[in-house]
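K.L.:
mmCIF, N, CA and C atoms, file my_file.cif:
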data_start
loop_
_atom_site.label_atom_id
_atom_site.label_comp_id
_atom_site.auth_asym_id
_atom_site.auth_seq_id
_atom_site.Cartn_x
_atom_site.Cartn_y
_atom_site.Cartn_z
N MET A 23 66.42 104.62 99.79
CA MET A 23 66.38 103.41 100.58
C MET A 23 67.70 102.65 100.47
N CYS A 24 68.25 102.61 99.26
CA CYS A 24 69.48 101.85 99.05
C CYS A 24 70.71 102.75 99.10
N GLY A 25 70.49 104.05 99.14
CA GLY A 25 71.60 104.98 99.18
C GLY A 25 72.06 105.47 97.82
N ALA A 26 71.29 105.17 96.77
CA ALA A 26 71.65 105.64 95.43
C ALA A 26 71.64 107.16 95.41
N GLU A 27 72.53 107.71 94.64
CA GLU A 27 72.62 109.16 94.50
C GLU A 27 71.33 109.73 93.92
N GLN A 28 70.98 110.92 94.35
CA GLN A 28 69.83 111.59 93.75
C GLN A 28 70.19 112.00 92.33
N PRO A 29 69.20 112.06 91.46
CA PRO A 29 69.50 112.36 90.06
C PRO A 29 70.08 113.75 89.86
N ASP A 30 70.90 113.86 88.83
CA ASP A 30 71.46 115.14 88.43
C ASP A 30 70.37 115.90 87.67
N PRO A 31 69.93 117.03 88.18
CA PRO A 31 68.84 117.77 87.52
C PRO A 31 69.16 118.13 86.07
N ASP A 32 70.44 118.27 85.74
CA ASP A 32 70.81 118.61 84.36
C ASP A 32 70.60 117.45 83.40
N GLN A 33 70.53 116.22 83.92
CA GLN A 33 70.33 115.04 83.08
C GLN A 33 68.86 114.67 82.94
N TYR A 34 68.00 115.32 83.72
CA TYR A 34 66.58 115.01 83.74
C TYR A 34 65.87 115.63 82.55
N ASP A 35 65.11 114.80 81.85
CA ASP A 35 64.28 115.29 80.73
C ASP A 35 62.84 114.90 81.03
N GLU A 36 62.02 115.89 81.29
CA GLU A 36 60.62 115.67 81.69
C GLU A 36 59.85 114.82 80.68
N THR A 37 60.24 114.84 79.43
CA THR A 37 59.53 114.10 78.39
C THR A 37 60.10 112.70 78.14
N ASP A 38 61.19 112.34 78.82
CA ASP A 38 61.85 111.05 78.56
C ASP A 38 61.98 110.25 79.86
N PRO A 39 61.08 109.29 80.09
CA PRO A 39 61.10 108.52 81.33
C PRO A 39 62.39 107.76 81.57
N THR A 40 63.19 107.49 80.53
CA THR A 40 64.44 106.77 80.76
C THR A 40 65.45 107.63 81.51
N THR A 41 65.21 108.92 81.61
CA THR A 41 66.10 109.80 82.38
C THR A 41 65.61 109.98 83.81
N TRP A 42 64.57 109.28 84.18
CA TRP A 42 64.02 109.40 85.53
C TRP A 42 64.54 108.25 86.39
N PRO A 43 65.70 108.37 86.98
CA PRO A 43 66.27 107.25 87.74
C PRO A 43 65.61 107.04 89.09
N HIS A 44 64.80 107.96 89.52
CA HIS A 44 64.11 107.85 90.81
C HIS A 44 62.61 108.03 90.62
N ASP A 45 61.85 107.37 91.48
CA ASP A 45 60.40 107.48 91.47
C ASP A 45 59.94 108.21 92.72
N LEU A 46 58.86 108.96 92.60
CA LEU A 46 58.24 109.59 93.75
C LEU A 46 57.46 108.52 94.51
N ASP A 47 57.66 108.45 95.81
CA ASP A 47 57.09 107.37 96.61
C ASP A 47 56.36 107.94 97.83
N HIS A 48 55.21 107.34 98.15
CA HIS A 48 54.56 107.65 99.43
C HIS A 48 55.30 106.84 100.49
N ILE A 49 55.91 107.50 101.43
CA ILE A 49 56.69 106.83 102.47
C ILE A 49 55.80 105.87 103.26
N ILE A 50 54.69 106.37 103.73
CA ILE A 50 53.66 105.53 104.37
C ILE A 50 52.54 105.39 103.36
N PRO A 51 52.25 104.16 102.93
CA PRO A 51 51.21 103.98 101.93
C PRO A 51 49.88 104.59 102.37
N ILE A 52 49.14 105.09 101.42
CA ILE A 52 47.86 105.72 101.72
C ILE A 52 46.93 104.73 102.41
N PHE A 53 46.93 103.46 101.97
CA PHE A 53 46.03 102.48 102.57
C PHE A 53 46.42 102.14 104.01
N GLU A 54 47.63 102.53 104.42
CA GLU A 54 48.06 102.32 105.80
C GLU A 54 48.00 103.61 106.62
N GLY A 55 47.32 104.61 106.08
CA GLY A 55 47.13 105.85 106.82
C GLY A 55 48.03 107.00 106.42
N GLY A 56 48.87 106.79 105.43
CA GLY A 56 49.74 107.86 104.96
C GLY A 56 48.95 108.91 104.21
N SER A 57 49.42 110.13 104.28
CA SER A 57 48.74 111.23 103.60
C SER A 57 48.99 111.18 102.10
N ALA A 58 47.94 111.40 101.35
CA ALA A 58 48.06 111.44 99.89
C ALA A 58 48.59 112.78 99.40
N THR A 59 48.49 113.81 100.25
CA THR A 59 48.82 115.16 99.80
C THR A 59 49.97 115.82 100.56
N SER A 60 50.36 115.28 101.69
CA SER A 60 51.41 115.90 102.49
C SER A 60 52.79 115.66 101.86
N LEU A 61 53.54 116.73 101.71
CA LEU A 61 54.90 116.60 101.19
C LEU A 61 55.79 115.80 102.14
N ASP A 62 55.44 115.79 103.43
CA ASP A 62 56.21 115.02 104.40
C ASP A 62 56.09 113.51 104.16
N ASN A 63 55.09 113.09 103.41
CA ASN A 63 54.90 111.67 103.13
C ASN A 63 55.42 111.29 101.75
N LEU A 64 56.20 112.14 101.13
CA LEU A 64 56.76 111.85 99.81
C LEU A 64 58.27 111.78 99.88
N GLY A 65 58.82 110.87 99.11
CA GLY A 65 60.26 110.74 99.03
C GLY A 65 60.65 110.17 97.69
N LEU A 66 61.95 110.21 97.41
CA LEU A 66 62.46 109.63 96.18
C LEU A 66 63.04 108.26 96.47
N ALA A 67 62.79 107.32 95.57
CA ALA A 67 63.37 105.99 95.68
C ALA A 67 63.86 105.58 94.30
N CYS A 68 64.99 104.87 94.26
CA CYS A 68 65.43 104.38 92.96
C CYS A 68 64.35 103.44 92.44
N GLN A 69 64.33 103.22 91.15
CA GLN A 69 63.25 102.44 90.55
C GLN A 69 63.21 101.01 91.10
N THR A 70 64.36 100.41 91.34
CA THR A 70 64.39 99.05 91.87
C THR A 70 63.81 98.99 93.28
N CYS A 71 64.23 99.90 94.14
CA CYS A 71 63.71 99.92 95.52
C CYS A 71 62.22 100.23 95.52
N HIS A 72 61.79 101.16 94.67
CA HIS A 72 60.38 101.53 94.63
C HIS A 72 59.53 100.34 94.19
N GLU A 73 60.00 99.60 93.20
CA GLU A 73 59.26 98.43 92.73
C GLU A 73 59.17 97.37 93.82
N THR A 74 60.27 97.12 94.51
CA THR A 74 60.28 96.13 95.60
C THR A 74 59.34 96.55 96.71
N LYS A 75 59.39 97.83 97.11
CA LYS A 75 58.53 98.35 98.18
C LYS A 75 57.07 98.29 97.76
N SER A 76 56.77 98.66 96.52
CA SER A 76 55.39 98.67 96.04
C SER A 76 54.81 97.26 96.00
N LYS A 77 55.62 96.28 95.60
CA LYS A 77 55.13 94.89 95.58
C LYS A 77 54.83 94.40 96.99
N ALA A 78 55.69 94.74 97.95
CA ALA A 78 55.45 94.34 99.34
C ALA A 78 54.19 95.01 99.89
N GLU A 79 53.99 96.27 99.55
CA GLU A 79 52.79 96.98 99.99
C GLU A 79 51.54 96.38 99.37
N ALA A 80 51.59 96.02 98.10
CA ALA A 80 50.44 95.40 97.43
C ALA A 80 50.11 94.06 98.08
N LEU A 81 51.13 93.30 98.44
CA LEU A 81 50.90 92.02 99.10
C LEU A 81 50.22 92.23 100.45
N ARG A 82 50.69 93.22 101.21
CA ARG A 82 50.04 93.52 102.50
C ARG A 82 48.59 93.95 102.30
N ALA A 83 48.35 94.79 101.31
CA ALA A 83 46.99 95.27 101.05
C ALA A 83 46.08 94.11 100.64
N ASN A 84 46.58 93.23 99.77
CA ASN A 84 45.77 92.09 99.34
C ASN A 84 45.52 91.13 100.49
N THR A 85 46.52 90.90 101.31
CA THR A 85 46.35 90.02 102.48
C THR A 85 45.32 90.60 103.42
N ARG A 86 45.41 91.89 103.67
CA ARG A 86 44.45 92.57 104.56
C ARG A 86 43.04 92.48 103.99
N ARG A 87 42.91 92.66 102.69
CA ARG A 87 41.61 92.62 102.04
C ARG A 87 41.00 91.23 102.13
N HIS A 88 41.81 90.18 101.95
CA HIS A 88 41.30 88.81 101.97
C HIS A 88 40.99 88.32 103.39
N THR A 89 41.72 88.81 104.39
CA THR A 89 41.44 88.38 105.76
C THR A 89 40.27 89.15 106.35
N ALA A 90 39.89 90.27 105.74
CA ALA A 90 38.75 91.05 106.25
C ALA A 90 37.43 90.42 105.87
N CYS A 91 37.43 89.53 104.91
CA CYS A 91 36.19 88.91 104.46
C CYS A 91 35.75 87.78 105.38
#
Please render this file's structure as structure tokens.

P.N.:
Amino acid sequence: MCGAEQPDPDQYDETDPTTWPHDLDHIIPIFEGGSATSLDNLGLACQTCHETKSKAEALRANTRRHTAC
């Protein structure tokens, strides 16, 4: 999203989360109709962008939930 470089696979340690500079992200959130299993709906996002996007999605989901009542 921000253009950060993809991680160097040689620096990645599956057992050490501090070496995971990117998070796996559902491009279209599942609650908005995105597929939970399709690889086409998955992408990498830096941790900062992923956190920002996830917070915005949670706000939309909560707003939708409260207006449906």

K.L.:
Taking the DSSP assignment computed from this structure's backbone, write out as a PyMOL selection string all residues of chain A that belong to helix (DSSP H, G or I).

P.N.:
chain A and resi 31-33+39-41+52-54+61-63+69-89

K.L.:
Could you list, as a list in words, every residue within 8 Å of Ala26 (chain A), counting all atoms listed in the file and ignoring same-chain residues fewer than 3 positions away?

P.N.:
Met23, Pro29, Ala67 and Cys68 of chain A

K.L.:
Choose the residue, out of A:Thr59, A:Gln69, A:Ser76, A:Thr89, that has the smallest atom-to-atom separation from Trp42 (chain A); count all atoms listed in the file.

P.N.:
A:Gln69

K.L.:
As JSON, numbers by chain, please: every residue in chain A that a backbone DSSP assignment puts in strand (DSSP E).

P.N.:
{"A": [44, 45, 46, 47, 48, 64, 65, 66, 67, 68]}

K.L.:
Save the residues we just selected, N, CA and C atoms, as a JSON list (two decimals), keeping the file's coordinate frame?

P.N.:
[["chain", "number", "residue", "atom", "x", "y", "z"],
["A", 44, "HIS", "N", 64.80, 107.96, 89.52],
["A", 44, "HIS", "CA", 64.11, 107.85, 90.81],
["A", 44, "HIS", "C", 62.61, 108.03, 90.62],
["A", 45, "ASP", "N", 61.85, 107.37, 91.48],
["A", 45, "ASP", "CA", 60.40, 107.48, 91.47],
["A", 45, "ASP", "C", 59.94, 108.21, 92.72],
["A", 46, "LEU", "N", 58.86, 108.96, 92.60],
["A", 46, "LEU", "CA", 58.24, 109.59, 93.75],
["A", 46, "LEU", "C", 57.46, 108.52, 94.51],
["A", 47, "ASP", "N", 57.66, 108.45, 95.81],
["A", 47, "ASP", "CA", 57.09, 107.37, 96.61],
["A", 47, "ASP", "C", 56.36, 107.94, 97.83],
["A", 48, "HIS", "N", 55.21, 107.34, 98.15],
["A", 48, "HIS", "CA", 54.56, 107.65, 99.43],
["A", 48, "HIS", "C", 55.30, 106.84, 100.49],
["A", 64, "LEU", "N", 56.20, 112.14, 101.13],
["A", 64, "LEU", "CA", 56.76, 111.85, 99.81],
["A", 64, "LEU", "C", 58.27, 111.78, 99.88],
["A", 65, "GLY", "N", 58.82, 110.87, 99.11],
["A", 65, "GLY", "CA", 60.26, 110.74, 99.03],
["A", 65, "GLY", "C", 60.65, 110.17, 97.69],
["A", 66, "LEU", "N", 61.95, 110.21, 97.41],
["A", 66, "LEU", "CA", 62.46, 109.63, 96.18],
["A", 66, "LEU", "C", 63.04, 108.26, 96.47],
["A", 67, "ALA", "N", 62.79, 107.32, 95.57],
["A", 67, "ALA", "CA", 63.37, 105.99, 95.68],
["A", 67, "ALA", "C", 63.86, 105.58, 94.30],
["A", 68, "CYS", "N", 64.99, 104.87, 94.26],
["A", 68, "CYS", "CA", 65.43, 104.38, 92.96],
["A", 68, "CYS", "C", 64.35, 103.44, 92.44]]

K.L.:
Would you work out the distance separating CA of Ser57 (chain A) from CA of Thr37 (chain A), expressed in Å to one decimal?

P.N.:
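That distance, rounded to one decimal, is 27.6 Å.
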
K.L.:
Please indicate the distance in Å from CA of Asp30 (chain A) to CA of Leu66 (chain A), rounded to one decimal place.

P.N.:
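Rounded to one decimal, the two atoms are 13.1 Å apart.
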
K.L.:
Do you know which residues the PyMOL selection byres (((chain A and resi 51 and name CA) around 12) and name CA) returns on this file, as a VMD selection string?

P.N.:
chain A and resid 47 to 50 52 to 60 63 to 65 72 75 to 80 82 to 83

K.L.:
Figure out the distance between atom C of Asp32 (chain A) and CA of Thr74 (chain A), please, to one decimal in Å.

P.N.:
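These atoms are spaced 26.6 Å apart.
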
K.L.:
Taking all atoms of region 54-68 of chain A that the file lists and extending 4 Å past them on each side, where is the centre of the axis-aligned box and how long are its edges? Answer in Å to one decimal, as AutoDock Vina command-line options.

P.N.:
--center_x 56.3 --center_y 109.5 --center_z 99.6 --size_x 26.3 --size_y 22.4 --size_z 22.4
